[in-house]
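Colleague: Here it is, the structure, as structure tokens.
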Amino acid sequence: MAGELLRLRQTLPHGSGAAGRLSLLRREIAGMAITGIAAAPHLASGDPRVRVSLGETRLDRLLAGGLATGALHEITAAGPGDAPAAAGFALALAARFAASRKAPLIWIGEDFAGLEQGALYGPGLTLYGLDPDALVLVHAANAKDALWAMEEALKCRAPAAVIGEIFSSKLYDLTASRRLVLAAQKHGTAGLLFLGGPARAETLSSSAETRFEIRARPSPHSASAGGRASLPGPAAFDVRIAKARAGPNGVFIDRDKFHPVLWSHREVLFRDALSLPLAAVAGDGSDHPPQRRSA
Amino acid sequence: VTRYLSLWLPSLATDRITRRNVEARRAPLATIAKVKSAQRLAAVNRAAARHGLKPGLALADARAILPGLACCAADEAAEAATLAAITDWCRCFTQLAALDAPDGAMLDVTGAAHLFGGEARLLGEIERRLATQGFAARAALAATPEAAWALARYAEVRLLPEDISEADLCHQLGALPLAALRLDEKTLAALAQTGLRRIGDLILRPRAPLAARFGQTLFHRLDALLGRARTPITPRFEVPPYLAERRFAEPIVQRETIEATILALAQELSHLLTRQGDGARQLDVSLFGVDGRVRHLRAGTSRPLRDPAVIARLFREKIEAAGNIDERDPLDAGFGFDVVRLSAEAVERQDEDQTNWLTPAAEQDLADLIDRLGARLGVRRVTRLRLADSHWPEFAVTAMSVSSSPPERHGRACPGHPRGAPAIIIADNELPARPIRLLQKPEPIEAVASVPDGPPVRFRWRRVLHEVAAIEGPERIASEWWRHQALTRDYFRAEDSEGRRFWLFREGLYETETMRPRWFMHGLFA
């Protein structure tokens, strides 16, 4: 994306004012982020790794263009009830990685997490924007096996991303995370570690590149016919970037701020939950509000 | 020409107990079992037999004859397991080893004897090696299983050569008692009453009157014994299509040596597979211990495989996984292994150059990873989801082991479009109607609804109260009556006041199916 950015800057007319140029650039970036997926090396920070954008402009900007492949990213839940939302966020990130490369995903889950939160459900994943055929599920008996399997999987170049779900974070320490990071860096595979248990973003210490804390967010409701209870909308999250290693120069990350985002399962990208609520609810992505359902 | 070797373990039950203790082998020992509320001897060892003890004797009488008799409870299951283990071990002589319950094994050694220096030497070798394991054994070799069986148990001669004449054969076998025909006690007693005692008494006698009185079995057995009819044996294991093995004069113990041996064998096996254009789907490493134990390592693969390095790595993972149980000695080598065999138990056609040209390296990489994970964690733990055409949520998807079937390759559709889910019909602009996670079992919840057949207003799940802020439903799913019986479910997609989304249902239609519908939590949305 940065390459295109440079090219863009060169083609801009010189006469327009700084503010006009900036807004033009902003619009261009927003357009790229929504329609395309960044696959160019990130030149600005001298980082040669491929970054996969999330599709949502503000988060992408904070993350210097997106999430790097060949790195480890952690997803934690803000509270005990937010684990499903965090799982959804992890799956959504995985879907972004899968869409960027057309490669399979490997989900490694600890058995206990499956008991607690349920097993991944194929029909639901299809509707969420993931292809169940391109998903390999590994059921690990405990966190130790799960971490081992994740390291092995990261050593393989084939998967678009490896997602590990561990419930107890006892075994996941600095050393364990370092092993995963090294495997991911060496082979360029993206690792997502989803801590679905009682682990909180503040209590972790690891060498992961990014850490997200996810809170469930009320979705944009739509009114139902006949004045009954309103209908729930698409998946919505409050995302807090608790850690970002490779913050671009000059961008300040407010680590306490929750960013509201929506997951658009049809376009397979995130959207801002505040500025485009209608477009997201209208499944066709248009700015028209959705049609009322007939009773 | 077929050659069978019958192995008889006359004191299997007692040898099983004393095999590790040379001293105890010399003392009289018997196993006892309860027969008709009396303790009777089930088996005796040689020392006890020398004092006149026999199976079937009451324990009290046996104690009167021999006060110092040691006794153990008979354990049929353990004896059968021991016999099975011995039969398994016999596979280091031939692939075709069959169980010959209750006290023997039958080996098809056709064309295998020369590997051990001839048939006589093979008999000696097998007896000697069983003796070092602590089992008294007697082996005999003949052209039919029945003849070998009879020789092992009732004859001085242990070997009937291949080129034996008909007259000689009748002479040798004719001298054996009728019990060598494997008849039941009643027939034997009846035959004895008529004055028939030896097999020779039957051979030249007219058959019809005897058959009329004692049944056809008698002559079936006789014909089989003399090689006039063929009876097959049932080997415990199928003969693998490909195998490679190494025999060691000195047993090997160290893990590194074993792994190196497996790699060398994998290279041999790879040659064989390449020549025939096959790839292995199921591999087995058998480690034959000096002490008679056989250790098996099995590995399944997700696609035909013949790369020796990959095969060796699979088994390294297997050994590693075993090491989780016992770190120092993962294979439980004991006194070491003297035969290592690698066999491909199931193979599939693998076309030449497929590894190099047709499949991209990434796919190969992924398949290797899957095999490695399967070898370490267990094949059942690596799965793919296969969507099924069913409305009933539990049946709509199955987890298939990756190794059990090759992944179906069909054109990938755009993500987001429900290609593989024919059961769920959604318009393009609708929201996901199925959760991303489904609980293993629907969990009962307490729900409050304004009307009995209306949507819930609030519910309590896992002790937390949720206020419903938005709800969509019901989606009515009736059970597939041709598969199973269940009440109709009304599914709701509910969002609570904090933004958590759930998939819950009411079980039973109000007033038609039940008067008290129950509520369940079934899935979680993102």
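How things are named: the first chain in the structure tokens is A, the next is B, and so on; residues count from 1 in each chain; ligands count from 1 in the order shown.
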A:Ala85: which residues within 8 Å, counting only C-alpha atoms, same-chain residues fewer than 5 positions away excluded, as a list in words?
Modeller: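 The contact residues come out as Ala77, Ile214, Arg215, Ala216 and Phe237 of chain A; Arg500, Phe525 and Ala526 of chain B.
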Colleague: Could you dump the residues just selected with N, CA and C atoms as an mmCIF file, in the first residue's frame?
Modeller:
data_model
loop_
_atom_site.group_PDB
_atom_site.id
_atom_site.type_symbol
_atom_site.label_atom_id
_atom_site.label_comp_id
_atom_site.auth_asym_id
_atom_site.auth_seq_id
_atom_site.Cartn_x
_atom_site.Cartn_y
_atom_site.Cartn_z
ATOM 1 N N ALA A 77 -9.948 -11.320 25.961
ATOM 2 C CA ALA A 77 -11.302 -10.831 26.221
ATOM 3 C C ALA A 77 -11.241 -9.846 27.375
ATOM 4 N N ILE A 214 -10.759 -7.328 23.533
ATOM 5 C CA ILE A 214 -12.048 -7.241 22.849
ATOM 6 C C ILE A 214 -13.184 -7.238 23.862
ATOM 7 N N ARG A 215 -14.133 -6.351 23.619
ATOM 8 C CA ARG A 215 -15.328 -6.303 24.439
ATOM 9 C C ARG A 215 -16.522 -6.423 23.495
ATOM 10 N N ALA A 216 -17.528 -7.165 23.930
ATOM 11 C CA ALA A 216 -18.728 -7.255 23.102
ATOM 12 C C ALA A 216 -19.366 -5.875 23.026
ATOM 13 N N PHE A 237 -17.766 -5.084 17.770
ATOM 14 C CA PHE A 237 -16.775 -5.222 18.841
ATOM 15 C C PHE A 237 -16.317 -3.861 19.309
ATOM 16 N N ARG B 500 -23.807 -8.933 23.978
ATOM 17 C CA ARG B 500 -23.446 -10.324 23.714
ATOM 18 C C ARG B 500 -24.580 -10.992 22.965
ATOM 19 N N PHE B 525 -22.796 -16.221 19.215
ATOM 20 C CA PHE B 525 -22.393 -15.406 18.069
ATOM 21 C C PHE B 525 -21.227 -14.513 18.474
ATOM 22 N N ALA B 526 -20.557 -13.979 17.488
ATOM 23 C CA ALA B 526 -19.461 -13.052 17.773
ATOM 24 C C ALA B 526 -20.037 -11.736 18.266
#
Colleague: Write out as an NGL selection string the set of residues from stretch 129-294 of chain A that DSSP, computed on the backbone, places in strand (DSSP E).
Modeller: :A and (135-140 or 161-166 or 190-195 or 210-216 or 236-244 or 258-264 or 269-272)
Colleague: Could you name the residues that touch stretch 15-22 of chain B at 12 Å or less, counting only C-alpha atoms, but leaving out those on the same chain fewer than 3 positions away, as a VMD selection string?
Modeller: chain B and resid 9 to 12 25 to 31 43 to 47 70 to 76 78 to 83 85 to 86 103 130 to 137 291 to 292
Colleague: Could you give me, as a ChimeraX atom specification, the residues within 6 Å of B:Asp338, counting only C-alpha atoms and dropping anything in the same chain fewer than 3 positions from it?
Modeller: /B:247-248,251
Colleague: Just want the 9 Å neighbourhood of B:Thr261, counted on only C-alpha atoms, with same-chain residues fewer than 4 positions away dropped. Output as number ranges by chain.
Modeller: B: 246, 256-257, 265-266, 340
Colleague: Can you list, as a ChimeraX atom specification, every protein, DNA or RNA residue that comes within 9 Å of B:Val239 when you count only C-alpha atoms, leaving out same-chain residues fewer than 3 positions away?
Modeller: /B:95-96,235,242,345
Colleague: Using only C-alpha atoms, which residues sit within 10 Å of B:Arg434 once same-chain residues fewer than 4 positions away are excluded, as a list in words?
Modeller: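 Near B:Arg434, the qualifying residues are Tyr121, Gly122, Pro123, Gly124, Leu125, Thr126, Leu127 and Tyr128 of chain A; Pro393, Ile424, Leu438, Arg493, Phe502, Trp503, Gly523, Leu524 and Phe525 of chain B.
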Colleague: A:Pro234, A:Gly79, A:Pro159, A:Gly129: which is nearest A:Pro104, counting only C-alpha atoms?
Modeller: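 Result for the nearest residue to A:Pro104: A:Pro159.
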Colleague: If I take atom CA of A:Ser53 and atom CA of A:Arg101, how far is one from the other in Å, to one decimal?
Modeller: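 So the answer is 12.5 Å.
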Colleague: Quick one: distance from atom CA of A:Glu56 to atom CA of A:Leu180 in Å, one decimal?
Modeller: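 Straight-line distance from atom CA of A:Glu56 to atom CA of A:Leu180 works out to 27.1 Å.
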Colleague: Name the closest residue to B:Ile32 among the candidates B:Arg50, B:Trp8, B:Pro55, B:Phe492; distances are taken between atoms, counting only C-alpha atoms.
Modeller: B:Pro55
Colleague: Please, which residues of stretch 140-337 of chain B, numbered as in this document, come out helix (DSSP H, G or I) from DSSP, as a PyMOL selection string?
Modeller: chain B and resi 145-154+166-174+178-181+185-193+199-203+207-214+217-225+255-276+308-323
Colleague: Since we have the selection now, will you write its residues out, keeping C-alpha atoms, as a CSV table (one decimal), in the first residue's frame?
Modeller:
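So out-v6.csv came out as:
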chain,number,residue,atom,x,y,z
B,145,PRO,CA,-1.7,-77.5,9.8
B,146,GLU,CA,-3.4,-80.6,11.3
B,147,ALA,CA,-0.3,-82.8,10.8
B,148,ALA,CA,1.9,-80.1,12.3
B,149,TRP,CA,-0.5,-79.8,15.2
B,150,ALA,CA,-0.6,-83.5,15.9
B,151,LEU,CA,3.2,-83.9,15.6
B,152,ALA,CA,3.8,-81.0,18.1
B,153,ARG,CA,1.7,-82.6,20.7
B,154,TYR,CA,1.8,-86.4,20.2
B,166,GLU,CA,2.4,-91.4,0.9
B,167,ALA,CA,3.2,-94.7,2.6
B,168,ASP,CA,5.7,-93.1,4.9
B,169,LEU,CA,3.3,-90.4,5.8
B,170,CYS,CA,0.5,-92.9,6.7
B,171,HIS,CA,3.0,-94.9,8.7
B,172,GLN,CA,4.3,-91.9,10.7
B,173,LEU,CA,0.9,-90.4,11.4
B,174,GLY,CA,-0.9,-93.8,11.8
B,178,LEU,CA,-6.8,-90.6,17.9
B,179,ALA,CA,-6.6,-87.6,20.2
B,180,ALA,CA,-4.2,-86.1,17.6
B,181,LEU,CA,-7.3,-85.7,15.3
B,185,GLU,CA,-13.8,-86.1,24.6
B,186,LYS,CA,-17.1,-87.8,24.0
B,187,THR,CA,-16.2,-89.0,20.5
B,188,LEU,CA,-12.8,-90.1,21.7
B,189,ALA,CA,-14.3,-92.2,24.6
B,190,ALA,CA,-16.8,-93.8,22.2
B,191,LEU,CA,-14.1,-94.6,19.7
B,192,ALA,CA,-12.0,-96.2,22.4
B,193,GLN,CA,-14.9,-98.4,23.4
B,199,ILE,CA,-5.1,-93.1,13.6
B,200,GLY,CA,-3.7,-96.1,11.7
B,201,ASP,CA,-6.8,-98.0,12.8
B,202,LEU,CA,-9.0,-95.6,10.9
B,203,ILE,CA,-7.1,-95.1,7.7
B,207,ARG,CA,-15.8,-95.1,6.2
B,208,ALA,CA,-19.6,-95.3,5.9
B,209,PRO,CA,-20.4,-97.2,9.1
B,210,LEU,CA,-18.0,-95.1,11.2
B,211,ALA,CA,-19.3,-91.9,9.7
B,212,ALA,CA,-22.9,-92.9,10.4
B,213,ARG,CA,-22.1,-93.4,14.0
B,214,PHE,CA,-19.5,-90.7,14.8
B,217,THR,CA,-16.1,-84.6,11.3
B,218,LEU,CA,-13.9,-87.7,12.0
B,219,PHE,CA,-13.1,-88.2,8.4
B,220,HIS,CA,-12.9,-84.5,7.6
B,221,ARG,CA,-10.1,-84.3,10.2
B,222,LEU,CA,-8.4,-87.4,8.9
B,223,ASP,CA,-8.4,-86.1,5.3
B,224,ALA,CA,-7.0,-82.8,6.4
B,225,LEU,CA,-4.3,-84.5,8.5
B,255,ARG,CA,16.6,-44.4,20.6
B,256,GLU,CA,19.0,-42.8,18.1
B,257,THR,CA,19.9,-46.2,16.7
B,258,ILE,CA,16.3,-47.2,16.4
B,259,GLU,CA,15.5,-43.9,14.6
B,260,ALA,CA,18.4,-44.3,12.3
B,261,THR,CA,17.2,-47.9,11.5
B,262,ILE,CA,13.8,-46.6,10.7
B,263,LEU,CA,15.2,-44.1,8.3
B,264,ALA,CA,17.3,-46.8,6.6
B,265,LEU,CA,14.2,-49.0,6.3
B,266,ALA,CA,12.2,-46.0,5.0
B,267,GLN,CA,14.7,-45.6,2.2
B,268,GLU,CA,14.3,-49.3,1.3
B,269,LEU,CA,10.5,-49.1,1.5
B,270,SER,CA,10.6,-46.0,-0.6
B,271,HIS,CA,12.5,-47.8,-3.4
B,272,LEU,CA,9.9,-50.6,-3.4
B,273,LEU,CA,7.0,-48.1,-3.4
B,274,THR,CA,8.5,-46.1,-6.2
B,275,ARG,CA,9.1,-49.1,-8.3
B,276,GLN,CA,5.4,-50.1,-8.1
B,308,PRO,CA,11.8,-41.6,3.4
B,309,ALA,CA,12.7,-38.4,5.4
B,310,VAL,CA,9.0,-37.6,6.0
B,311,ILE,CA,8.3,-41.2,7.0
B,312,ALA,CA,11.2,-41.2,9.4
B,313,ARG,CA,10.0,-37.8,10.8
B,314,LEU,CA,6.5,-39.2,11.4
B,315,PHE,CA,7.9,-42.0,13.5
B,316,ARG,CA,10.1,-39.6,15.3
B,317,GLU,CA,7.0,-37.7,16.4
B,318,LYS,CA,5.5,-41.0,17.5
B,319,ILE,CA,8.5,-41.8,19.7
B,320,GLU,CA,8.4,-38.3,21.0
B,321,ALA,CA,4.8,-38.6,21.9
B,322,ALA,CA,5.6,-41.9,23.7
B,323,GLY,CA,8.4,-40.0,25.5
